[in-house]
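Below is one structure, written out as structure tokens; the observations come after it.
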Amino acid sequence: MSDIKVYTLYSGSSGNCVYISSPGAKILIDAGKSARTLAASLRAAGGELFDIDAIFVTHGHSDHTSALAQLMRQSRLKVHMTEETAAEVRERDRYAVDTIETHPRVYETSVGDLTVRSFVTSHDSPGSVGYIVSSPRETLGIATDLGYVTRGIFEKLSKCDRVIIESNYDPTMLRTGSYPYYLKQRISSDHGHLSNDDCARVVSALADAGVRSFLLAHLSAENNTPEKALAASCRTLVEGGHKDDTIISVADRHMPTFFE
């Protein structure tokens, strides 16, 4: 039985934030959009900003950090990030330095009854990481902004009960879309984002390893649709014999999505 409640408050190129609640802790992974939007989305998911114990940041891009400065001024929340990410975000805003706790790219820390472990991701932002969040009873993996999934990342995610994973773009939509060539190359590179097809292959392999619940996240508004992302992963799950033993859904770009 699950003892971690998980919501994506919103997910996509305009902003990202994951709310994780356990009996002994409440944390956020990333803080995109504005502090007001984040607080309103958190209330819609049954939480309150004053109850948050800590924020963990995956990397320094604005769709993951744009609410941080105001949140830190208002609430003095403890914010965990890698040393490289801290350097990147401080170039844009002079954050209250005493509320930032910096770490190497691979680190582990505890908040209440939750243990948070980072892992290195391939993305064009210095210090980019994903997170494994564990309670005494279950483990959640969060892996977005992935150029590709390394063997090390796969091994960590394969030990999780639930996984939030990026399914950012449909290759055909990206190729034929209006983005300039350099941006298409950046998105599809090993330091960009994970396509629906690549995500689907990882989801199928993780299901083989025992993961039984997936939430597809960080979908591009311009180069993807929820239907295309879900269809790609569902197809590989059915082909792998996991039609009836796996739960899979898609995170909403703007509204809280409960992750079973």
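By convention here, the chains of the structure tokens are called A, B, ... in the order presented, each chain's residues are numbered starting at 1, and ligands are numbered starting at 1 in the order presented.
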Give me the residues near Tyr148 in chain A as a VMD selection string, where near means some atom within 10 Å (using only C-alpha atoms) and where sequence neighbours in that chain fewer than 6 positions away do not count.
chain A and resid 121 to 123 188 to 195 198 to 199 202
Save out the residues we just selected, N, CA and C atoms, as a PDB file, in the first residue's frame.
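Resulting contents of again04.pdb:
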```pdb
ATOM      1  N   THR A 121      21.995  13.278 -14.933  1.00  0.00           N
ATOM      2  CA  THR A 121      21.262  13.183 -16.191  1.00  0.00           C
ATOM      3  C   THR A 121      22.014  13.920 -17.297  1.00  0.00           C
ATOM      4  N   SER A 122      21.728  13.544 -18.541  1.00  0.00           N
ATOM      5  CA  SER A 122      22.363  14.146 -19.708  1.00  0.00           C
ATOM      6  C   SER A 122      21.453  15.234 -20.256  1.00  0.00           C
ATOM      7  N   HIS A 123      21.763  16.481 -19.920  1.00  0.00           N
ATOM      8  CA  HIS A 123      20.949  17.610 -20.368  1.00  0.00           C
ATOM      9  C   HIS A 123      21.858  18.824 -20.479  1.00  0.00           C
ATOM     10  N   SER A 188      16.688  17.043 -29.947  1.00  0.00           N
ATOM     11  CA  SER A 188      16.844  15.624 -30.276  1.00  0.00           C
ATOM     12  C   SER A 188      18.237  15.078 -29.967  1.00  0.00           C
ATOM     13  N   SER A 189      19.120  15.909 -29.421  1.00  0.00           N
ATOM     14  CA  SER A 189      20.493  15.479 -29.148  1.00  0.00           C
ATOM     15  C   SER A 189      20.571  14.680 -27.846  1.00  0.00           C
ATOM     16  N   ASP A 190      21.752  14.155 -27.570  1.00  0.00           N
ATOM     17  CA  ASP A 190      21.985  13.416 -26.331  1.00  0.00           C
ATOM     18  C   ASP A 190      22.003  14.318 -25.105  1.00  0.00           C
ATOM     19  N   HIS A 191      21.917  15.624 -25.315  1.00  0.00           N
ATOM     20  CA  HIS A 191      21.847  16.566 -24.192  1.00  0.00           C
ATOM     21  C   HIS A 191      20.537  17.352 -24.227  1.00  0.00           C
ATOM     22  N   GLY A 192      19.545  16.812 -24.910  1.00  0.00           N
ATOM     23  CA  GLY A 192      18.269  17.497 -25.044  1.00  0.00           C
ATOM     24  C   GLY A 192      17.166  16.816 -24.275  1.00  0.00           C
ATOM     25  N   HIS A 193      16.211  16.244 -25.024  1.00  0.00           N
ATOM     26  CA  HIS A 193      15.027  15.656 -24.398  1.00  0.00           C
ATOM     27  C   HIS A 193      14.766  14.256 -24.950  1.00  0.00           C
ATOM     28  N   LEU A 194      13.921  13.529 -24.250  1.00  0.00           N
ATOM     29  CA  LEU A 194      13.605  12.151 -24.622  1.00  0.00           C
ATOM     30  C   LEU A 194      12.357  12.141 -25.500  1.00  0.00           C
ATOM     31  N   SER A 195      12.438  11.470 -26.647  1.00  0.00           N
ATOM     32  CA  SER A 195      11.295  11.375 -27.557  1.00  0.00           C
ATOM     33  C   SER A 195      10.279  10.364 -27.038  1.00  0.00           C
ATOM     34  N   ASP A 198      11.725   6.823 -27.692  1.00  0.00           N
ATOM     35  CA  ASP A 198      12.762   6.441 -26.736  1.00  0.00           C
ATOM     36  C   ASP A 198      12.172   6.187 -25.357  1.00  0.00           C
ATOM     37  N   CYS A 199      11.256   7.061 -24.953  1.00  0.00           N
ATOM     38  CA  CYS A 199      10.577   6.871 -23.677  1.00  0.00           C
ATOM     39  C   CYS A 199       9.844   5.534 -23.647  1.00  0.00           C
ATOM     40  N   VAL A 202      12.097   2.640 -22.960  1.00  0.00           N
ATOM     41  CA  VAL A 202      12.529   2.602 -21.567  1.00  0.00           C
ATOM     42  C   VAL A 202      11.394   2.120 -20.670  1.00  0.00           C
TER      43      VAL A 202
END
```
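The list of residues with at least one atom within 8 Å of Val89 in chain A, based on only C-alpha atoms and without residues fewer than 4 positions apart in the same chain, reads Gly60, Thr65, Thr85 and Asp93 of chain A.
The two atoms in question, CA of Asp161 in chain A and CA of Ile27 in chain A, are spaced 18.5 Å apart.
You can rank A:Glu84, A:Asp53, A:Asp63, A:Glu138 by their closest distance to His218 in chain A using only C-alpha atoms, and at the top of that list sits A:Asp63.
Closest approach to Ala229 in chain A among A:Ala25, A:Ala143, A:Ala200, A:Ile164 is made by A:Ala200 (distances from only C-alpha atoms).
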What are the nearest atom pairs, with distances in Å to one decimal, for all residues of range 22-49 of chain A that come at most 8 Å from range 99-113 of chain A, using only C-alpha atoms, set out by chain and rising residue number as a Markdown table?
```
| residue | atom | partner | partner_atom | distance |
| --- | --- | --- | --- | --- |
| A:Ser22 | CA | A:Asp113 | CA | 7.4 |
| A:Pro23 | CA | A:Asp113 | CA | 7.5 |
| A:Gly24 | CA | A:Gly112 | CA | 5.1 |
| A:Ala25 | CA | A:Gly112 | CA | 5.0 |
```
To one decimal in Å, tell me the separation between CA of Asp30 in chain A and CA of Asp197 in chain A.
25.3 Å
Nearby residues (only C-alpha atoms) at most 7 Å from range 253-256 of chain A, same-chain spacing under 6 positions excluded, as a PyMOL selection string
chain A and resi 7-12+41+45
I'd like the contact shell of Ser158 in chain A - 12 Å cut-off, only C-alpha atoms, skipping same-chain residues fewer than 6 positions apart - returned as a PyMOL selection string.
chain A and resi 132+139-143+149+151-152+202-214
Counting only C-alpha atoms, the residue of A:Thr150, A:Asn16, A:Ser2, A:Asp124 that sits nearest Leu219 in chain A:
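Smallest separation from Leu219 in chain A among the options: A:Asn16.
Counting only C-alpha atoms, the residue from A:Ala221, A:Val238, A:Val18, A:Leu215 that sits nearest to Val250 in chain A is A:Leu215.
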As number ranges by chain, please: every residue in range 102-251 of chain A that a backbone DSSP assignment puts in strand (DSSP E).
A: 102-103, 108-111, 114-120, 129-134, 139-143, 162-166, 213-217, 247-250
List every residue of range 147-253 of chain A that DSSP, applied to the backbone, labels as helix (DSSP H, G or I), and write the result as an MDAnalysis selection string.
chainID A and resid 151:157 171:176 181:188 196:209 226:239
Please produce a file of those selected residues containing C-alpha atoms, as a compact mmCIF listing (two decimals), in the first residue's frame.
```
# COMPACT_ATOMS: atom_id res chain seq x y z
CA ARG A 151 22.54 2.11 -17.95
CA GLY A 152 23.10 3.67 -14.53
CA ILE A 153 19.86 5.65 -14.69
CA PHE A 154 17.96 2.58 -15.86
CA GLU A 155 19.29 0.48 -12.99
CA LYS A 156 18.16 3.09 -10.46
CA LEU A 157 14.70 3.49 -12.00
CA PRO A 171 9.90 12.84 -33.80
CA THR A 172 7.72 13.58 -36.83
CA MET A 173 6.13 16.65 -35.26
CA LEU A 174 9.56 17.97 -34.29
CA ARG A 175 11.07 17.31 -37.72
CA THR A 176 8.22 18.96 -39.66
CA TYR A 181 17.06 23.81 -37.24
CA TYR A 182 19.47 24.48 -34.35
CA LEU A 183 16.66 24.07 -31.81
CA LYS A 184 15.45 20.84 -33.40
CA GLN A 185 19.02 19.55 -33.20
CA ARG A 186 19.33 20.58 -29.57
CA ILE A 187 16.06 18.91 -28.53
CA SER A 188 16.84 15.62 -30.28
CA ASN A 196 8.07 9.40 -27.29
CA ASP A 197 9.71 6.42 -29.00
CA ASP A 198 12.76 6.44 -26.74
CA CYS A 199 10.58 6.87 -23.68
CA ALA A 200 8.38 3.97 -24.79
CA ARG A 201 11.37 1.65 -25.06
CA VAL A 202 12.53 2.60 -21.57
CA VAL A 203 9.02 2.19 -20.13
CA SER A 204 8.74 -1.29 -21.62
CA ALA A 205 12.13 -2.32 -20.23
CA LEU A 206 11.29 -0.91 -16.81
CA ALA A 207 8.01 -2.82 -16.83
CA ASP A 208 10.02 -5.96 -17.55
CA ALA A 209 12.11 -5.11 -14.49
CA PRO A 226 -0.80 13.57 -24.80
CA GLU A 227 -2.44 11.09 -27.18
CA LYS A 228 0.76 10.49 -29.15
CA ALA A 229 2.90 10.12 -26.03
CA LEU A 230 0.49 7.70 -24.39
CA ALA A 231 -0.02 5.66 -27.58
CA ALA A 232 3.73 5.14 -28.06
CA SER A 233 4.28 3.79 -24.55
CA CYS A 234 1.06 1.77 -24.48
CA ARG A 235 2.03 0.09 -27.73
CA THR A 236 5.34 -1.14 -26.35
CA LEU A 237 3.70 -2.25 -23.10
CA VAL A 238 1.13 -4.32 -24.97
CA GLU A 239 3.82 -5.81 -27.19
```
So what do you get for CA of Ala35 in chain A versus CA of Tyr179 in chain A, distance-wise?
29.3 Å
